[in-house]
$ cat target-v3.cif   # mmCIF, C-alpha atoms
data_input
loop_
_atom_site.group_PDB
_atom_site.id
_atom_site.type_symbol
_atom_site.label_atom_id
_atom_site.label_comp_id
_atom_site.auth_asym_id
_atom_site.auth_seq_id
_atom_site.Cartn_x
_atom_site.Cartn_y
_atom_site.Cartn_z
ATOM 1 C CA MET P 15 22.102 -96.331 -75.940
ATOM 2 C CA VAL P 16 23.058 -93.235 -77.919
ATOM 3 C CA ARG P 17 26.430 -91.819 -77.049
ATOM 4 C CA ASN P 18 27.414 -88.270 -77.980
ATOM 5 C CA LEU P 19 30.829 -86.859 -78.694
ATOM 6 C CA ASP P 20 31.725 -83.568 -77.045
ATOM 7 C CA ILE P 21 33.248 -80.875 -79.295
ATOM 8 C CA THR P 22 35.421 -79.495 -76.484
ATOM 9 C CA THR P 23 36.900 -82.943 -75.920
ATOM 10 C CA LEU P 24 37.483 -83.436 -79.620
ATOM 11 C CA ARG P 25 39.176 -80.042 -79.825
ATOM 12 C CA SER P 26 41.570 -81.074 -77.070
ATOM 13 C CA PHE P 27 42.310 -84.344 -78.844
ATOM 14 C CA VAL P 28 43.111 -82.486 -82.087
ATOM 15 C CA ALA P 29 45.281 -79.999 -80.218
ATOM 16 C CA VAL P 30 47.301 -82.807 -78.603
ATOM 17 C CA ALA P 31 47.830 -84.469 -81.974
ATOM 18 C CA ASP P 32 48.815 -81.181 -83.654
ATOM 19 C CA ASN P 33 51.087 -79.934 -80.867
ATOM 20 C CA GLY P 34 52.782 -83.232 -80.052
ATOM 21 C CA GLY P 35 51.755 -83.533 -76.437
ATOM 22 C CA VAL P 36 49.492 -82.508 -73.585
ATOM 23 C CA THR P 37 51.698 -79.676 -72.276
ATOM 24 C CA ARG P 38 51.802 -77.762 -75.542
ATOM 25 C CA ALA P 39 48.154 -78.497 -76.234
ATOM 26 C CA ALA P 40 47.205 -77.101 -72.817
ATOM 27 C CA GLY P 41 49.071 -73.881 -73.584
ATOM 28 C CA TYR P 42 47.447 -73.625 -76.984
ATOM 29 C CA LEU P 43 43.963 -74.155 -75.517
ATOM 30 C CA HIS P 44 44.612 -71.994 -72.412
ATOM 31 C CA LEU P 45 43.750 -74.932 -70.180
ATOM 32 C CA THR P 46 45.615 -76.790 -67.452
ATOM 33 C CA GLN P 47 47.440 -80.012 -68.314
ATOM 34 C CA SER P 48 45.190 -81.936 -65.952
ATOM 35 C CA ALA P 49 42.073 -80.598 -67.704
ATOM 36 C CA VAL P 50 43.342 -81.698 -71.114
ATOM 37 C CA SER P 51 44.415 -85.097 -69.770
ATOM 38 C CA MET P 52 40.988 -85.591 -68.192
ATOM 39 C CA GLN P 53 39.236 -84.768 -71.500
ATOM 40 C CA LEU P 54 41.402 -87.290 -73.370
ATOM 41 C CA LYS P 55 40.632 -89.928 -70.777
ATOM 42 C CA ARG P 56 36.877 -89.273 -71.083
ATOM 43 C CA LEU P 57 37.059 -89.551 -74.859
ATOM 44 C CA GLU P 58 38.868 -92.891 -74.700
ATOM 45 C CA GLU P 59 36.421 -94.203 -72.114
ATOM 46 C CA LEU P 60 33.444 -93.083 -74.229
ATOM 47 C CA LEU P 61 34.792 -94.864 -77.313
ATOM 48 C CA ASP P 62 36.292 -97.749 -75.329
ATOM 49 C CA LEU P 63 39.424 -97.314 -77.451
ATOM 50 C CA GLN P 64 43.018 -96.373 -76.801
ATOM 51 C CA LEU P 65 43.671 -93.333 -78.950
ATOM 52 C CA LEU P 66 47.121 -92.369 -77.651
ATOM 53 C CA ASP P 67 50.270 -94.440 -77.250
ATOM 54 C CA ARG P 68 51.840 -93.245 -74.004
ATOM 55 C CA SER P 69 54.597 -95.840 -73.854
ATOM 56 C CA GLY P 70 57.328 -93.593 -75.272
ATOM 57 C CA ARG P 71 58.762 -90.257 -74.275
ATOM 58 C CA THR P 72 56.316 -88.502 -76.555
ATOM 59 C CA ILE P 73 52.680 -89.207 -77.097
ATOM 60 C CA ALA P 74 51.830 -90.870 -80.395
ATOM 61 C CA LEU P 75 48.539 -91.815 -81.990
ATOM 62 C CA THR P 76 47.449 -95.393 -82.146
ATOM 63 C CA SER P 77 45.874 -96.683 -85.355
ATOM 64 C CA ALA P 78 42.454 -96.012 -83.813
ATOM 65 C CA GLY P 79 43.674 -92.536 -82.835
ATOM 66 C CA GLU P 80 44.745 -91.759 -86.404
ATOM 67 C CA GLN P 81 41.331 -92.770 -87.680
ATOM 68 C CA MET P 82 39.611 -90.754 -84.949
ATOM 69 C CA LEU P 83 41.708 -87.677 -85.731
ATOM 70 C CA ALA P 84 40.268 -87.391 -89.247
ATOM 71 C CA TYR P 85 36.720 -87.423 -87.868
ATOM 72 C CA ALA P 86 37.601 -85.044 -85.034
ATOM 73 C CA ARG P 87 39.075 -82.452 -87.413
ATOM 74 C CA ARG P 88 35.943 -82.480 -89.563
ATOM 75 C CA MET P 89 33.584 -82.228 -86.580
ATOM 76 C CA VAL P 90 35.499 -79.359 -84.996
ATOM 77 C CA ALA P 91 35.707 -77.522 -88.316
ATOM 78 C CA LEU P 92 31.977 -77.972 -88.928
ATOM 79 C CA ASN P 93 31.193 -76.748 -85.418
ATOM 80 C CA ASP P 94 33.309 -73.630 -85.962
ATOM 81 C CA GLU P 95 31.677 -72.977 -89.339
ATOM 82 C CA VAL P 96 28.182 -73.178 -87.859
ATOM 83 C CA MET P 97 29.062 -70.909 -84.959
ATOM 84 C CA ALA P 98 30.721 -68.348 -87.214
ATOM 85 C CA ARG P 99 27.892 -68.285 -89.722
ATOM 86 C CA LEU P 100 25.079 -68.086 -87.168
ATOM 87 C CA THR P 101 26.604 -65.812 -84.546
ATOM 88 C CA ASP P 102 29.358 -63.742 -86.158
ATOM 89 C CA GLN P 103 28.478 -60.041 -86.385
ATOM 90 C CA ALA P 104 29.878 -60.028 -89.925
ATOM 91 C CA PHE P 105 26.828 -62.023 -90.986
ATOM 92 C CA GLU P 106 24.261 -59.720 -89.391
ATOM 93 C CA GLY P 107 22.514 -56.912 -91.186
ATOM 94 C CA GLU P 108 19.715 -55.885 -93.509
ATOM 95 C CA VAL P 109 19.327 -55.749 -97.272
ATOM 96 C CA ALA P 110 16.725 -53.590 -99.010
ATOM 97 C CA LEU P 111 15.611 -55.375 -102.183
ATOM 98 C CA GLY P 112 13.175 -53.775 -104.631
ATOM 99 C CA VAL P 113 11.392 -55.824 -107.304
ATOM 100 C CA PRO P 114 8.560 -54.986 -109.754
ATOM 101 C CA HIS P 115 5.296 -56.787 -108.996
ATOM 102 C CA ASP P 116 5.316 -58.779 -112.203
ATOM 103 C CA VAL P 117 8.706 -60.460 -111.787
ATOM 104 C CA VAL P 118 8.425 -61.481 -108.135
ATOM 105 C CA HIS P 119 7.301 -65.012 -109.060
ATOM 106 C CA PRO P 120 8.719 -67.555 -109.471
ATOM 107 C CA VAL P 121 12.295 -66.368 -108.892
ATOM 108 C CA ILE P 122 12.269 -64.162 -105.796
ATOM 109 C CA PRO P 123 10.714 -66.642 -103.290
ATOM 110 C CA ARG P 124 13.387 -69.186 -104.272
ATOM 111 C CA VAL P 125 16.120 -66.556 -103.905
ATOM 112 C CA LEU P 126 14.894 -65.560 -100.437
ATOM 113 C CA LYS P 127 14.807 -69.180 -99.298
ATOM 114 C CA LEU P 128 18.347 -69.896 -100.500
ATOM 115 C CA PHE P 129 19.687 -66.649 -99.046
ATOM 116 C CA ASN P 130 18.102 -67.303 -95.647
ATOM 117 C CA ALA P 131 19.746 -70.725 -95.504
ATOM 118 C CA SER P 132 23.184 -69.089 -95.885
ATOM 119 C CA TYR P 133 22.552 -65.879 -93.921
ATOM 120 C CA PRO P 134 19.782 -66.535 -91.386
ATOM 121 C CA ARG P 135 20.743 -63.457 -89.349
ATOM 122 C CA VAL P 136 20.440 -61.061 -92.285
ATOM 123 C CA ARG P 137 16.987 -59.587 -92.875
ATOM 124 C CA VAL P 138 15.860 -58.993 -96.457
ATOM 125 C CA ASN P 139 13.385 -56.122 -96.692
ATOM 126 C CA LEU P 140 11.523 -56.881 -99.918
ATOM 127 C CA VAL P 141 9.526 -54.066 -101.511
ATOM 128 C CA THR P 142 7.406 -54.666 -104.612
ATOM 129 C CA THR P 143 6.398 -51.643 -106.646
ATOM 130 C CA ASN P 144 6.730 -50.232 -110.155
ATOM 131 C CA THR P 145 10.038 -49.733 -111.940
ATOM 132 C CA ARG P 146 9.841 -45.916 -111.920
ATOM 133 C CA HIS P 147 9.491 -45.765 -108.156
ATOM 134 C CA LEU P 148 12.216 -48.365 -107.646
ATOM 135 C CA LYS P 149 14.719 -46.379 -109.720
ATOM 136 C CA GLU P 150 13.859 -43.124 -107.973
ATOM 137 C CA GLU P 151 14.295 -44.645 -104.519
ATOM 138 C CA PHE P 152 17.476 -46.464 -105.555
ATOM 139 C CA THR P 153 18.989 -43.151 -106.649
ATOM 140 C CA ARG P 154 18.138 -41.711 -103.227
ATOM 141 C CA GLY P 155 19.785 -44.673 -101.497
ATOM 142 C CA GLY P 156 16.561 -46.336 -100.441
ATOM 143 C CA PHE P 157 17.540 -49.756 -101.818
ATOM 144 C CA ASP P 158 20.706 -51.843 -101.885
ATOM 145 C CA ILE P 159 19.572 -53.856 -104.908
ATOM 146 C CA ILE P 160 16.702 -53.385 -107.334
ATOM 147 C CA LEU P 161 15.373 -55.231 -110.342
ATOM 148 C CA THR P 162 13.628 -53.352 -113.133
ATOM 149 C CA THR P 163 11.720 -54.210 -116.290
ATOM 150 C CA GLU P 164 12.941 -51.912 -119.075
ATOM 151 C CA SER P 165 13.235 -51.873 -122.851
ATOM 152 C CA SER P 166 16.946 -51.084 -122.654
ATOM 153 C CA ALA P 167 19.844 -51.064 -120.238
ATOM 154 C CA HIS P 168 20.469 -47.662 -118.686
ATOM 155 C CA GLU P 169 23.545 -46.424 -116.834
ATOM 156 C CA GLY P 170 24.458 -48.722 -113.972
ATOM 157 C CA ALA P 171 22.183 -51.523 -115.191
ATOM 158 C CA GLU P 172 23.207 -55.143 -115.620
ATOM 159 C CA VAL P 173 20.931 -57.081 -117.968
ATOM 160 C CA ILE P 174 20.302 -60.486 -116.379
ATOM 161 C CA HIS P 175 17.277 -61.731 -118.347
ATOM 162 C CA GLU P 176 14.951 -60.962 -121.256
ATOM 163 C CA MET P 177 11.216 -61.680 -121.484
ATOM 164 C CA PRO P 178 8.655 -60.973 -124.251
ATOM 165 C CA LEU P 179 5.931 -58.417 -123.574
ATOM 166 C CA ARG P 180 2.451 -59.727 -124.440
ATOM 167 C CA TRP P 181 -1.145 -58.529 -124.605
ATOM 168 C CA ILE P 182 -3.286 -60.122 -121.883
ATOM 169 C CA GLY P 183 -7.032 -60.326 -121.291
ATOM 170 C CA ALA P 184 -9.764 -62.347 -119.626
ATOM 171 C CA PRO P 185 -9.904 -66.088 -120.418
ATOM 172 C CA GLY P 186 -11.987 -66.441 -123.583
ATOM 173 C CA GLY P 187 -12.429 -62.661 -123.664
ATOM 174 C CA THR P 188 -13.452 -60.665 -126.723
ATOM 175 C CA THR P 189 -12.567 -57.120 -125.674
ATOM 176 C CA TRP P 190 -9.449 -57.186 -127.824
ATOM 177 C CA ARG P 191 -11.710 -57.290 -130.914
ATOM 178 C CA GLN P 192 -13.506 -54.033 -130.066
ATOM 179 C CA GLN P 193 -12.838 -50.678 -131.690
ATOM 180 C CA PRO P 194 -11.691 -48.446 -130.167
ATOM 181 C CA LEU P 195 -9.579 -50.891 -128.151
ATOM 182 C CA GLN P 196 -10.232 -50.713 -124.401
ATOM 183 C CA LEU P 197 -7.012 -50.534 -122.361
ATOM 184 C CA GLY P 198 -6.378 -51.075 -118.685
ATOM 185 C CA PHE P 199 -3.189 -49.722 -117.082
ATOM 186 C CA SER P 200 -2.169 -48.216 -113.777
ATOM 187 C CA ARG P 201 -0.849 -44.682 -114.083
ATOM 188 C CA ASN P 202 2.709 -45.650 -113.158
ATOM 189 C CA CYS P 203 2.968 -48.794 -115.299
ATOM 190 C CA ILE P 204 6.139 -48.616 -117.382
ATOM 191 C CA PHE P 205 4.476 -50.783 -120.063
ATOM 192 C CA ARG P 206 1.702 -48.224 -120.644
ATOM 193 C CA GLY P 207 3.721 -45.984 -122.959
ATOM 194 C CA ILE P 208 5.095 -48.968 -124.871
ATOM 195 C CA ALA P 209 1.609 -50.360 -125.553
ATOM 196 C CA VAL P 210 0.137 -46.989 -126.563
ATOM 197 C CA LYS P 211 3.017 -46.263 -128.948
ATOM 198 C CA ALA P 212 2.659 -49.693 -130.573
ATOM 199 C CA LEU P 213 -1.069 -49.104 -131.138
ATOM 200 C CA ASP P 214 -0.514 -45.597 -132.482
ATOM 201 C CA ASP P 215 2.193 -46.827 -134.845
ATOM 202 C CA ALA P 216 -0.198 -49.534 -136.085
ATOM 203 C CA GLY P 217 -3.058 -47.030 -136.520
ATOM 204 C CA ILE P 218 -5.298 -48.837 -134.036
ATOM 205 C CA PRO P 219 -7.680 -46.525 -132.104
ATOM 206 C CA TRP P 220 -7.818 -47.007 -128.326
ATOM 207 C CA GLU P 221 -9.367 -45.667 -125.122
ATOM 208 C CA MET P 222 -8.245 -45.966 -121.519
ATOM 209 C CA ALA P 223 -11.039 -47.991 -119.935
ATOM 210 C CA ILE P 224 -9.452 -47.895 -116.477
ATOM 211 C CA ASP P 225 -6.937 -45.345 -115.233
ATOM 212 C CA SER P 226 -6.037 -46.117 -111.636
ATOM 213 C CA ASP P 227 -3.130 -46.078 -109.207
ATOM 214 C CA SER P 228 -4.176 -49.548 -108.047
ATOM 215 C CA ASP P 229 -2.753 -52.596 -109.821
ATOM 216 C CA ARG P 230 -5.492 -54.725 -108.256
ATOM 217 C CA THR P 231 -8.207 -52.507 -109.738
ATOM 218 C CA VAL P 232 -6.657 -52.787 -113.179
ATOM 219 C CA GLU P 233 -6.278 -56.550 -112.770
ATOM 220 C CA ALA P 234 -9.950 -56.934 -111.832
ATOM 221 C CA THR P 235 -11.077 -54.825 -114.806
ATOM 222 C CA ILE P 236 -9.043 -56.886 -117.266
ATOM 223 C CA SER P 237 -10.203 -60.150 -115.687
ATOM 224 C CA ALA P 238 -13.816 -59.011 -116.166
ATOM 225 C CA ASP P 239 -13.172 -58.631 -119.933
ATOM 226 C CA LEU P 240 -13.686 -54.872 -119.758
ATOM 227 C CA ALA P 241 -10.169 -54.060 -120.998
ATOM 228 C CA ILE P 242 -6.920 -55.636 -122.098
ATOM 229 C CA GLY P 243 -3.467 -54.919 -120.768
ATOM 230 C CA VAL P 244 0.148 -55.876 -121.115
ATOM 231 C CA LEU P 245 2.350 -58.167 -119.018
ATOM 232 C CA LEU P 246 5.574 -60.086 -119.395
ATOM 233 C CA GLU P 247 4.886 -63.516 -120.835
ATOM 234 C CA GLY P 248 4.633 -66.093 -118.095
ATOM 235 C CA THR P 249 3.726 -63.596 -115.355
ATOM 236 C CA GLN P 250 -0.022 -63.415 -116.077
ATOM 237 C CA PRO P 251 -2.252 -64.691 -113.212
ATOM 238 C CA ASP P 252 -4.501 -67.743 -113.587
ATOM 239 C CA HIS P 253 -7.570 -65.565 -114.191
ATOM 240 C CA GLN P 254 -5.978 -63.936 -117.252
ATOM 241 C CA GLU P 255 -4.510 -65.289 -120.459
ATOM 242 C CA LEU P 256 -2.363 -64.216 -123.383
ATOM 243 C CA VAL P 257 -4.345 -62.676 -126.251
ATOM 244 C CA GLU P 258 -3.749 -64.625 -129.456
ATOM 245 C CA SER P 259 -4.896 -62.023 -131.983
ATOM 246 C CA ASN P 260 -3.282 -63.582 -135.093
ATOM 247 C CA GLY P 261 -1.679 -60.281 -135.990
ATOM 248 C CA ALA P 262 -4.664 -58.050 -135.198
ATOM 249 C CA LEU P 263 -2.687 -56.465 -132.363
ATOM 250 C CA PRO P 264 0.880 -55.187 -132.808
ATOM 251 C CA THR P 265 3.829 -57.234 -131.570
ATOM 252 C CA LEU P 266 5.385 -55.743 -128.454
ATOM 253 C CA PRO P 267 9.141 -55.500 -127.798
ATOM 254 C CA MET P 268 11.232 -57.725 -125.575
ATOM 255 C CA GLN P 269 11.834 -56.396 -122.083
ATOM 256 C CA ARG P 270 15.050 -56.622 -120.127
ATOM 257 C CA ILE P 271 15.241 -57.579 -116.480
ATOM 258 C CA ASN P 272 17.926 -55.205 -115.205
ATOM 259 C CA LEU P 273 19.839 -55.484 -111.951
ATOM 260 C CA TYR P 274 21.081 -52.347 -110.196
ATOM 261 C CA GLY P 275 23.414 -52.384 -107.204
ATOM 262 C CA GLY P 276 24.827 -55.872 -107.639
ATOM 263 C CA GLY P 277 28.472 -54.883 -108.137
ATOM 264 C CA LYS P 278 31.499 -55.299 -105.900
ATOM 265 C CA GLY P 279 32.205 -53.165 -102.884
ATOM 266 C CA HIS P 280 29.150 -54.056 -100.811
ATOM 267 C CA ALA P 281 28.879 -56.252 -97.738
ATOM 268 C CA PRO P 282 29.488 -59.926 -98.636
ATOM 269 C CA TYR P 283 25.876 -60.854 -98.011
ATOM 270 C CA ILE P 284 24.636 -58.167 -100.422
ATOM 271 C CA GLU P 285 26.930 -59.507 -103.138
ATOM 272 C CA GLU P 286 25.691 -63.024 -102.388
ATOM 273 C CA LEU P 287 22.054 -61.942 -102.714
ATOM 274 C CA ALA P 288 22.815 -60.357 -106.086
ATOM 275 C CA ASN P 289 24.557 -63.560 -107.218
ATOM 276 C CA LEU P 290 21.538 -65.648 -106.245
ATOM 277 C CA VAL P 291 19.249 -63.334 -108.236
ATOM 278 C CA ARG P 292 21.521 -63.585 -111.288
ATOM 279 C CA GLN P 293 21.725 -67.359 -111.110
ATOM 280 C CA SER P 294 18.000 -67.841 -110.578
ATOM 281 C CA PHE P 295 17.103 -65.774 -113.638
ATOM 282 C CA LYS P 296 19.827 -67.532 -115.619
ATOM 283 C CA ASP P 297 18.217 -70.868 -114.744
ATOM 284 C CA MET P 298 14.989 -69.642 -116.387
ATOM 285 C CA ARG P 299 16.652 -69.347 -119.803
ATOM 286 C CA PRO P 300 16.363 -72.134 -122.354
ATOM 287 C CA THR P 301 19.354 -74.479 -122.235
ATOM 288 C CA SER P 302 20.587 -73.345 -125.663
ATOM 289 C CA LEU P 303 20.744 -69.736 -124.509
ATOM 290 C CA ARG P 304 22.498 -70.637 -121.266
ATOM 291 C CA LEU P 305 25.227 -72.454 -123.136
ATOM 292 C CA ALA P 306 25.685 -69.525 -125.504
ATOM 293 C CA VAL P 307 26.300 -67.020 -122.720
#
$ encode --input "target-v3.cif" --output "structure tokens"
Amino acid sequence: MVRNLDITTLRSFVAVADNGGVTRAAGYLHLTQSAVSMQLKRLEELLDLQLLDRSGRTIALTSAGEQMLAYARRMVALNDEVMARLTDQAFEGEVALGVPHDVVHPVIPRVLKLFNASYPRVRVNLVTTNTRHLKEEFTRGGFDIILTTESSAHEGAEVIHEMPLRWIGAPGGTTWRQQPLQLGFSRNCIFRGIAVKALDDAGIPWEMAIDSDSDRTVEATISADLAIGVLLEGTQPDHQELVESNGALPTLPMQRINLYGGGKGHAPYIEELANLVRQSFKDMRPTSLRLAV
């Protein structure tokens, strides 16, 4: 038959051991002496062991009692940790996190899962939109933490990762060979200006085949081989692929993943969320780069 130890009883046992007797333990616990004595008796009966040596003027631990004390301390401490973490008001709240669409996977789901395990009573309000909007709303106080994809680090930014920008198109597509080159970008895409400048610098003529506010519309157009676009390498969906043009298209610059709002001075859970984001992007780097940092 399964027998269960009671945390209240264990707490009384620890208090008796720490305070040198039932009287002082009762005062410490704000209980009566008889209540503490009864809890000790129940614990000994449950274990069928004598935990206290009552033969002298003061109560001492038996060898079994000394062994039990180590377990009791750990169980009481673990109980208090669980109760503090799950019920303490200090661990309640909300965090507004903004992330560009193209860097949500694979990092952010893992971050949210880890954060929820540590702070289950803190709600993370995740918003995915373009970098321009994220920075505007962050300036207005609409987000606690944002990630951005930018060519450089601006004021207040912490560079946490770098990823190459690549041309993308439909699997087996041929649109990238056409002249003028057919482009597909949403109006607010921060990569739009980068791609156009690279083409202009290379003297490659282009047209905007799709000009929409909808990322899904642009994605569908590219996937239908009616245009090509630009994404961070590794973020392209299954129905698109990197364009291997063998130099026919210009090389695009590296992009920085910047973190805003991850400094000190926030609530502990906001700092912890920022730390999880940093670590998760760090884990994406090649081992040689991680060791060099």
$ residues_around --input "target-v3.cif" --residues "region 15-28 of chain P" --least-positions-apart "4" --cutoff "7 Å" --atoms "only C-alpha atoms" --output "PyMOL selection string"
chain P and resi 32+50+53-54+57+83+86-87+90
$ residues_near_point --input "target-v3.cif" --point "(15.4, -66.2, -98.9)" --cutoff "12 Å" --atoms "only C-alpha atoms" --output "list in words"
Val109, Leu111, Val121, Ile122, Pro123, Arg124, Val125, Leu126, Lys127, Leu128, Phe129, Asn130, Ala131, Ser132, Tyr133, Pro134, Arg135, Val136, Arg137, Val138, Asn139, Leu140, Tyr283, Glu286, Leu287, Ala288, Leu290 and Val291 of chain P
$ closest_residue --input "target-v3.cif" --among "P:Gly35, P:Pro251, P:Gly217, P:Gly207" --to "Pro194 (chain P)" --atoms "all atoms listed in the file"
P:Gly217
$ atom_distance --input "target-v3.cif" --atom1 "CA of Ala262 (chain P)" --atom2 "CA of Thr163 (chain P)"
25.3 Å
$ closest_residue --input "target-v3.cif" --among "P:Leu195, P:Ile159, P:Ile204, P:Ile182" --to "Leu273 (chain P)" --atoms "all atoms listed in the file"
P:Ile159
$ closest_residue --input "target-v3.cif" --among "P:Ala238, P:Met177, P:Leu245, P:Leu43" --to "Cys203 (chain P)" --atoms "only C-alpha atoms"
P:Leu245
$ atom_distance --input "target-v3.cif" --atom1 "CA of Gly156 (chain P)" --atom2 "CA of Arg270 (chain P)"
22.3 Å
$ atom_distance --input "target-v3.cif" --atom1 "CA of Leu92 (chain P)" --atom2 "CA of Ala39 (chain P)"
20.6 Å
$ closest_residue --input "target-v3.cif" --among "P:Leu179, P:Ala209, P:Met89, P:Val36" --to "Leu66 (chain P)" --atoms "all atoms listed in the file"
P:Val36
$ resolve_selection --input "target-v3.cif" --expression "the PyMOL selection byres ((chain P and resi 243) around 7)" --output "number ranges by chain"
P: 181-183, 197-199, 236, 241-242, 244-245
$ closest_residue --input "target-v3.cif" --among "P:Asp67, P:Glu58, P:Asp214, P:Glu221" --to "Gln192 (chain P)" --atoms "only C-alpha atoms"
P:Glu221
$ closest_residue --input "target-v3.cif" --among "P:Ala49, P:Thr37, P:Leu60, P:Lys149" --to "Ala171 (chain P)" --atoms "only C-alpha atoms"
P:Lys149
$ residues_around --input "target-v3.cif" --residues "Gly187 (chain P)" --least-positions-apart "3" --cutoff "9 Å" --atoms "all atoms listed in the file" --output "CSV table (one decimal) with C-alpha atoms, keeping the file's coordinate frame"
chain,number,residue,atom,x,y,z
P,183,GLY,CA,-7.0,-60.3,-121.3
P,184,ALA,CA,-9.8,-62.3,-119.6
P,190,TRP,CA,-9.4,-57.2,-127.8
P,237,SER,CA,-10.2,-60.2,-115.7
P,238,ALA,CA,-13.8,-59.0,-116.2
P,239,ASP,CA,-13.2,-58.6,-119.9
P,240,LEU,CA,-13.7,-54.9,-119.8
P,255,GLU,CA,-4.5,-65.3,-120.5
P,257,VAL,CA,-4.3,-62.7,-126.3
$ residues_around --input "target-v3.cif" --residues "Gly261 (chain P)" --least-positions-apart "2" --cutoff "12 Å" --atoms "all atoms listed in the file" --output "JSON, numbers by chain"
{"P": [181, 190, 191, 216, 257, 258, 259, 263, 264, 265, 266]}
$ resolve_selection --input "target-v3.cif" --expression "the PyMOL selection byres ((chain P and resi 73) around 10)" --output "PyMOL selection string"
chain P and resi 30-31+34-36+66-72+74-76
